[in-house]
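target34.txt follows; it contains compact mmCIF, C-alpha atoms.
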```
# COMPACT_ATOMS: atom_id res chain seq x y z
CA MET A 1 38.23 -77.71 10.47
CA ASN A 2 34.86 -76.15 11.17
CA ARG A 3 36.02 -74.97 14.56
CA ARG A 4 39.13 -73.40 13.05
CA PHE A 5 36.99 -71.69 10.43
CA LEU A 6 34.64 -70.43 13.15
CA TRP A 7 37.44 -68.90 15.16
CA THR A 8 38.92 -67.38 12.04
CA ALA A 9 35.59 -65.84 11.16
CA ILE A 10 35.17 -64.45 14.66
CA ALA A 11 38.66 -62.98 14.65
CA GLY A 12 38.11 -61.52 11.21
CA GLY A 13 34.81 -60.03 12.30
CA GLY A 14 36.45 -58.56 15.37
CA LEU A 15 39.21 -57.00 13.32
CA LEU A 16 36.67 -55.68 10.85
CA LEU A 17 34.57 -54.23 13.66
CA PHE A 18 37.64 -52.68 15.25
CA SER A 19 38.70 -51.13 11.96
CA PHE A 20 35.26 -49.60 11.54
CA ALA A 21 34.92 -48.55 15.19
CA SER A 22 36.07 -45.00 14.52
CA SER A 23 33.50 -44.76 11.75
CA LEU A 24 30.68 -46.23 13.84
CA PHE A 25 31.14 -44.71 17.31
CA PHE A 26 31.88 -41.14 18.27
CA THR A 27 31.69 -38.82 21.26
CA ILE A 28 30.59 -35.19 21.28
CA LYS A 29 32.31 -33.24 24.05
CA PRO A 30 30.81 -30.45 26.19
CA GLY A 31 30.88 -27.20 24.25
CA GLU A 32 30.39 -29.03 20.96
CA ARG A 33 27.49 -29.80 18.64
CA ALA A 34 27.48 -31.89 15.46
CA VAL A 35 25.49 -32.60 12.32
CA LEU A 36 25.57 -35.57 9.92
CA PHE A 37 25.86 -35.63 6.17
CA ARG A 38 23.78 -38.66 5.21
CA ARG A 39 25.42 -39.80 2.01
CA PHE A 40 22.59 -42.07 0.91
CA GLY A 41 19.79 -40.10 2.50
CA ILE A 42 18.73 -36.47 2.78
CA GLY A 43 22.24 -35.08 2.56
CA LEU A 44 23.17 -32.56 5.26
CA ASP A 45 20.79 -33.14 8.16
CA LYS A 46 20.45 -29.57 9.40
CA GLU A 47 17.52 -30.15 11.75
CA ASN A 48 18.90 -32.97 13.91
CA ILE A 49 21.63 -31.46 16.06
CA ILE A 50 23.79 -34.00 17.88
CA ILE A 51 24.38 -33.00 21.50
CA PRO A 52 27.27 -33.96 23.82
CA GLY A 53 27.51 -37.67 24.61
CA PHE A 54 28.27 -41.06 23.05
CA HIS A 55 26.67 -41.81 19.67
CA VAL A 56 26.58 -44.34 16.84
CA LYS A 57 26.35 -43.64 13.13
CA ALA A 58 26.53 -45.49 9.85
CA PRO A 59 30.14 -45.62 8.61
CA TRP A 60 29.27 -44.00 5.29
CA ASN A 61 27.79 -40.86 6.94
CA GLU A 62 30.08 -37.86 7.52
CA LEU A 63 30.22 -36.17 10.92
CA HIS A 64 30.76 -32.42 11.19
CA VAL A 65 31.58 -31.22 14.71
CA TYR A 66 31.25 -27.54 15.70
CA ASP A 67 32.82 -25.73 18.65
CA VAL A 68 29.93 -23.68 20.05
CA THR A 69 31.77 -22.14 22.99
CA GLU A 70 32.15 -18.38 23.16
CA ASN A 71 34.63 -17.05 20.64
CA LYS A 72 36.48 -13.71 20.57
CA VAL A 73 37.75 -11.58 17.72
CA GLU A 74 39.94 -8.50 18.11
CA GLU A 75 40.15 -6.20 15.10
CA THR A 76 42.28 -3.11 14.53
CA MET A 77 41.10 -1.06 11.59
CA ASP A 78 41.20 2.37 9.98
CA VAL A 79 37.85 4.08 9.43
CA LEU A 80 36.75 7.48 8.15
CA ASP A 81 34.67 9.86 10.22
CA LYS A 82 31.83 12.04 8.94
CA ASN A 83 34.31 14.58 7.55
CA GLY A 84 36.63 12.02 5.96
CA LEU A 85 39.22 12.07 8.76
CA SER A 86 41.07 8.76 9.26
CA ILE A 87 40.64 7.16 12.69
CA ASN A 88 42.34 4.02 13.99
CA VAL A 89 40.00 1.96 16.16
CA ASP A 90 40.51 -1.28 18.08
CA ILE A 91 37.37 -3.45 18.45
CA SER A 92 36.78 -6.60 20.52
CA VAL A 93 33.77 -8.88 19.84
CA ARG A 94 32.57 -11.96 21.74
CA PHE A 95 30.06 -14.34 20.12
CA HIS A 96 29.02 -17.94 19.52
CA PRO A 97 26.92 -19.74 16.89
CA LYS A 98 23.29 -20.56 17.65
CA TYR A 99 23.37 -24.14 18.90
CA ASP A 100 20.38 -25.34 16.90
CA LYS A 101 21.47 -23.64 13.66
CA ILE A 102 24.98 -25.03 13.12
CA GLY A 103 23.72 -27.11 10.18
CA TYR A 104 22.65 -23.94 8.36
CA ILE A 105 25.92 -22.21 9.26
CA TYR A 106 27.90 -25.16 7.93
CA GLU A 107 25.86 -25.28 4.74
CA THR A 108 26.59 -21.58 4.02
CA PHE A 109 30.00 -20.88 5.57
CA GLN A 110 31.45 -24.33 6.35
CA LYS A 111 33.46 -24.20 9.58
CA ASP A 112 35.24 -20.94 8.80
CA TYR A 113 32.25 -18.76 9.69
CA VAL A 114 34.46 -16.46 11.81
CA HIS A 115 36.50 -15.19 8.84
CA ARG A 116 33.78 -15.56 6.22
CA LEU A 117 30.95 -13.99 8.22
CA VAL A 118 31.73 -12.46 11.62
CA ILE A 119 34.83 -10.40 10.86
CA PRO A 120 33.55 -8.88 7.57
CA GLU A 121 30.20 -7.93 9.14
CA VAL A 122 31.85 -6.39 12.21
CA ARG A 123 34.25 -4.33 10.10
CA SER A 124 31.46 -3.19 7.79
CA THR A 125 29.19 -2.13 10.66
CA VAL A 126 31.99 -0.25 12.45
CA ARG A 127 32.73 1.72 9.28
CA GLN A 128 29.06 2.53 8.66
CA VAL A 129 28.37 3.72 12.22
CA MET A 130 31.54 5.76 12.67
CA GLY A 131 30.96 7.37 9.29
CA ARG A 132 27.91 9.08 10.80
CA TYR A 133 29.91 10.91 13.49
CA THR A 134 32.75 13.43 13.64
CA ALA A 135 36.14 12.57 15.11
CA GLU A 136 35.40 14.69 18.19
CA GLU A 137 32.12 12.88 18.82
CA ILE A 138 33.75 9.46 18.40
CA TYR A 139 36.73 10.38 20.57
CA SER A 140 34.94 12.13 23.41
CA THR A 141 31.47 13.62 23.44
CA LYS A 142 29.45 10.75 21.95
CA ARG A 143 31.69 7.74 22.45
CA PRO A 144 29.11 5.74 24.50
CA GLU A 145 26.47 6.45 21.85
CA VAL A 146 28.81 5.30 19.07
CA GLU A 147 29.67 2.11 20.95
CA THR A 148 25.99 1.38 21.64
CA SER A 149 25.08 1.88 17.97
CA ILE A 150 27.87 -0.40 16.76
CA ARG A 151 26.87 -3.07 19.27
CA ALA A 152 23.17 -2.94 18.37
CA GLU A 153 23.68 -2.94 14.60
CA THR A 154 26.32 -5.69 14.70
CA GLU A 155 24.11 -7.85 16.92
CA GLU A 156 21.23 -7.39 14.51
CA VAL A 157 23.13 -8.27 11.35
CA LEU A 158 24.86 -11.32 12.88
CA GLY A 159 21.62 -12.68 14.33
CA VAL A 160 19.41 -12.52 11.24
CA ASP A 161 18.18 -15.69 9.53
CA GLY A 162 20.99 -16.99 7.39
CA ASN A 163 23.75 -15.87 9.75
CA HIS A 164 22.61 -17.35 13.09
CA ILE A 165 25.32 -15.83 15.33
CA VAL A 166 24.70 -14.70 18.92
CA MET A 167 26.82 -11.67 19.83
CA ARG A 168 27.59 -11.52 23.55
CA ALA A 169 29.58 -8.27 23.74
CA LEU A 170 31.30 -5.61 21.66
CA LEU A 171 33.80 -3.16 23.08
CA ILE A 172 35.77 -0.27 21.63
CA ARG A 173 39.12 -0.88 23.27
CA SER A 174 40.89 2.18 21.88
CA ILE A 175 40.47 5.08 19.46
CA LYS A 176 43.51 6.79 17.97
CA LEU A 177 43.40 10.09 16.11
CA PRO A 178 46.16 11.99 14.31
CA GLU A 179 48.17 13.76 16.99
CA GLU A 180 47.32 17.31 15.89
CA ILE A 181 43.60 16.49 15.80
CA ARG A 182 43.72 14.86 19.22
CA LEU A 183 45.49 17.87 20.76
CA ALA A 184 43.03 20.28 19.14
CA ILE A 185 40.05 18.33 20.49
CA GLU A 186 41.54 18.10 24.00
CA LYS A 187 42.28 21.84 23.98
CA LYS A 188 38.73 22.61 22.91
CA LEU A 189 37.29 20.33 25.60
CA LYS A 190 39.50 22.01 28.22
CA GLN A 191 38.29 25.47 27.16
CA GLU A 192 34.68 24.30 27.29
CA GLN A 193 35.19 22.95 30.81
CA GLU A 194 36.78 26.21 31.93
CA ALA A 195 33.89 28.18 30.43
CA LEU A 196 31.39 25.97 32.24
CA ALA A 197 33.28 26.40 35.52
CA TYR A 198 33.33 30.21 35.05
CA GLN A 199 29.61 30.26 34.29
CA PHE A 200 28.98 28.17 37.38
CA ARG A 201 30.85 30.69 39.55
CA LEU A 202 28.93 33.57 38.00
CA ASN A 203 25.61 31.85 38.63
CA LYS A 204 26.64 31.10 42.20
CA GLU A 205 27.61 34.73 42.85
CA LYS A 206 24.36 35.97 41.30
CA SER A 207 22.39 33.59 43.50
CA GLU A 208 24.26 34.76 46.59
CA ALA A 209 23.68 38.42 45.70
CA GLU A 210 19.98 37.75 45.16
CA ARG A 211 19.79 35.93 48.50
CA LYS A 212 21.38 38.88 50.32
CA ARG A 213 19.08 41.36 48.57
CA ILE A 214 16.00 39.39 49.60
CA ALA A 215 17.30 39.05 53.18
CA ALA A 216 18.02 42.80 53.38
CA GLU A 217 14.56 43.66 52.04
CA GLY A 218 12.99 41.33 54.57
CA GLU A 219 14.99 42.83 57.44
CA ALA A 220 14.07 46.36 56.35
CA VAL A 221 10.39 45.46 56.28
CA ALA A 222 10.67 43.84 59.71
CA ASN A 223 12.41 46.90 61.18
CA LYS A 224 9.79 49.14 59.69
CA ILE A 225 7.03 47.09 61.31
CA VAL A 226 8.82 47.05 64.68
CA ASN A 227 9.57 50.78 64.62
CA SER A 228 6.00 51.63 63.79
CA SER A 229 4.81 49.63 66.82
CA LEU A 230 7.27 51.06 69.39
CA THR A 231 5.19 53.85 70.97
CA PRO A 232 6.42 55.68 74.13
CA ASN A 233 3.71 54.05 76.25
CA LEU A 234 4.71 50.57 75.00
CA LEU A 235 8.40 51.21 75.77
CA ARG A 236 7.50 52.51 79.29
CA MET A 237 5.40 49.42 79.96
CA ARG A 238 8.18 47.08 78.80
CA GLY A 239 10.65 48.93 81.04
CA ILE A 240 8.40 48.53 84.09
CA GLU A 241 7.99 44.81 83.36
CA ALA A 242 11.74 44.36 83.07
CA THR A 243 12.31 46.27 86.35
CA GLN A 244 9.85 44.04 88.17
CA ASP A 245 11.55 40.90 86.86
CA ILE A 246 14.96 42.13 88.01
CA ALA A 247 13.69 43.24 91.39
CA ASN A 248 12.21 39.81 92.02
CA SER A 249 15.47 38.10 91.11
CA PRO A 250 17.34 36.50 94.10
CA ASN A 251 20.65 37.95 92.86
CA SER A 252 22.06 40.92 94.78
CA LYS A 253 21.60 44.29 93.14
CA VAL A 254 21.46 48.04 93.75
CA ILE A 255 18.41 49.89 92.45
CA LEU A 256 18.67 53.61 91.72
CA ILE A 257 15.41 55.37 91.15
CA GLY A 258 15.48 57.13 87.83
CA SER A 259 14.79 60.78 87.43
CA GLY A 260 14.19 60.93 83.66
CA LYS A 261 10.84 61.55 82.05
CA ASP A 262 10.17 57.79 82.04
CA GLY A 263 11.09 57.47 85.71
CA LEU A 264 12.59 54.02 85.15
CA PRO A 265 15.16 52.88 87.72
CA ILE A 266 18.81 52.07 87.03
CA ILE A 267 19.77 48.70 88.47
CA LEU A 268 23.37 47.92 89.46
CA GLY A 269 24.55 44.66 90.88
CA ASP A 270 26.20 41.29 90.28
CA ARG A 271 24.83 37.76 90.05
```
I need this file expressed as structure tokens, please.
Amino acid sequence: MNRRFLWTAIAGGGLLLFSFASSLFFTIKPGERAVLFRRFGIGLDKENIIIPGFHVKAPWNELHVYDVTENKVEETMDVLDKNGLSINVDISVRFHPKYDKIGYIYETFQKDYVHRLVIPEVRSTVRQVMGRYTAEEIYSTKRPEVETSIRAETEEVLGVDGNHIVMRALLIRSIKLPEEIRLAIEKKLKQEQEALAYQFRLNKEKSEAERKRIAAEGEAVANKIVNSSLTPNLLRMRGIEATQDIANSPNSKVILIGSGKDGLPIILGDR
């Protein structure tokens, strides 16, 4: 009887343990973090973050598991520019919660922090930043500046104490303007490019004209110097030197003695 009771107790204990196994043992996967709500203790334990691995807990404590891998939100929205013109913009944001702050995120936003925190803050920041620029600046001339401002201000507001979100990237995927506004801006940009090209050609031609003027002035000065140094005696001496060099050359030639006032010979011949 005692033995039967013993085996019954063991079996009952095993069944009881098996029934509570899911409440006692749990595994946190890679890319996850968890916090416990200690029902008979301090409540939500925000400071002790449970990392990936196998763990044991009291069956009366509640486990809250968070996916902390990188998340992505794509938002299409209508915003107003500085002049009140409606612009359709498509934004993409990548982010993840701070690993050691998921208890605080859960306490404030539960698990739906994406829709209760991230999306509203992104939309608000995009509207604020784009409201400081004109449609032309947003569409073309200052688009990188607009994107940088949105990224910096969104990163700041999501990362402050109380929000605890790390923003990894923010991209403006597309900007759509009313068709007549887009055409007007593109026409204006084309005219500006043509004006810049025309100015470039003018500057190039002016530079070339200035170069030629300077070269001509330099050549005139050089000729003036040379002419002032070419005296009859100097020319006669140079002629004699040239005659001597030709006469000493091994090539065949015919030398005719000159009869002019310089008396320089005329040399005929081939190499």
Problem set entry | Protein/DNA/RNA residues near (26.3, -40.3, 18.5), cut 8 Å, all atoms listed in the file, as a count of residues only | 10
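Residue neighbourhood of Leu117 of chain A, excluding near-sequence residues (fewer than 3 positions): Ile105, Thr108, Phe109, Asp112, Tyr113, Val114, Pro120, Glu121, Val122, Leu158, Asn163 and Ile165 of chain A, at 10 Å, using only C-alpha atoms.
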For this session: Choose the residue, out of A:Ala152, A:Arg116, A:Leu63, A:Ile42, that has the smallest atom-to-atom separation from Ser23 of chain A; count only C-alpha atoms.
Result: A:Leu63
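Proximity to Val129 of chain A was assessed for A:Thr69, A:Thr76, A:Asn88, A:Thr154 counting only C-alpha atoms; the smallest distance is recorded for A:Thr154.
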For this session: Would you mind reading off the distance between atom CA of Arg132 of chain A and atom CA of His96 of chain A, one decimal, in Å?
Result: 28.4 Å
Problem set entry | Separation of atom CA of Thr141 of chain A from atom CA of Val157 of chain A in Å | 26.4 Å
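Note that atom CA of Glu156 of chain A and atom CA of Ile51 of chain A are 26.7 Å apart.
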First collect every listed atom of segment 113-127 of chain A; then fit an axis-aligned box around them, widen it by 5 Å on each side, and give centre and edge lengths in Å to one decimal, as lines of an AutoDock Vina configuration file.
```
center_x = 32.8
center_y = -8.5
center_z = 9.3
size_x = 17.3
size_y = 30.5
size_z = 16.2
```
For this session: Find the spatial neighbours of Gly103 of chain A, counting only C-alpha atoms, within a cut-off of 8 Å - ignore same-chain residues fewer than 5 positions away - and output them as a VMD selection string.
Result: chain A and resid 35 44 to 47 49
Exercise. Which residues, written as number ranges by chain, have at least one atom at most 8 Å from Glu32 of chain A, with all atoms listed in the file counted and residues fewer than 2 positions away on the same chain left out?
Worked result: A: 28-30, 34, 51-52, 65-69
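For the residues A:Gly159, A:Pro144, A:Gly218, A:Gly131, ranking by smallest atom-to-atom distance to Asp81 of chain A using all atoms listed in the file places A:Gly131 first.
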Who sits within 7 Å of Lys72 of chain A, all atoms listed in the file, same chain under 6 positions skipped, as a PDB file with C-alpha atoms, in the coordinates of the input:
```
ATOM      1  CA  VAL A  93      33.770  -8.880  19.840  1.00  0.00           C
ATOM      2  CA  ARG A  94      32.570 -11.960  21.740  1.00  0.00           C
ATOM      3  CA  PHE A  95      30.060 -14.340  20.120  1.00  0.00           C
TER       4      PHE A  95
END
```
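Using all atoms listed in the file, the contacts of Glu155 of chain A at a cut-off of 9 Å, with sequence neighbours closer than 6 positions omitted, comprise Ile165, Val166, Met167, Arg168, Ala169 and Leu170 of chain A.
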For this session: Compute the distance from (34.7, 12.6, 13.2) to each atom, counting all atoms listed in the file, keep the residues with any atom at most 12 Å away, and return them as a PyMOL selection string; use the coordinates of the file.
Result: chain A and resi 79-88+127+129-143+146+175-178+181-182+185
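Minimum atom-to-atom distance to Val126 of chain A, evaluated using all atoms listed in the file, belongs to A:Glu147 out of A:Asp100, A:Glu217, A:Glu208, A:Glu147.
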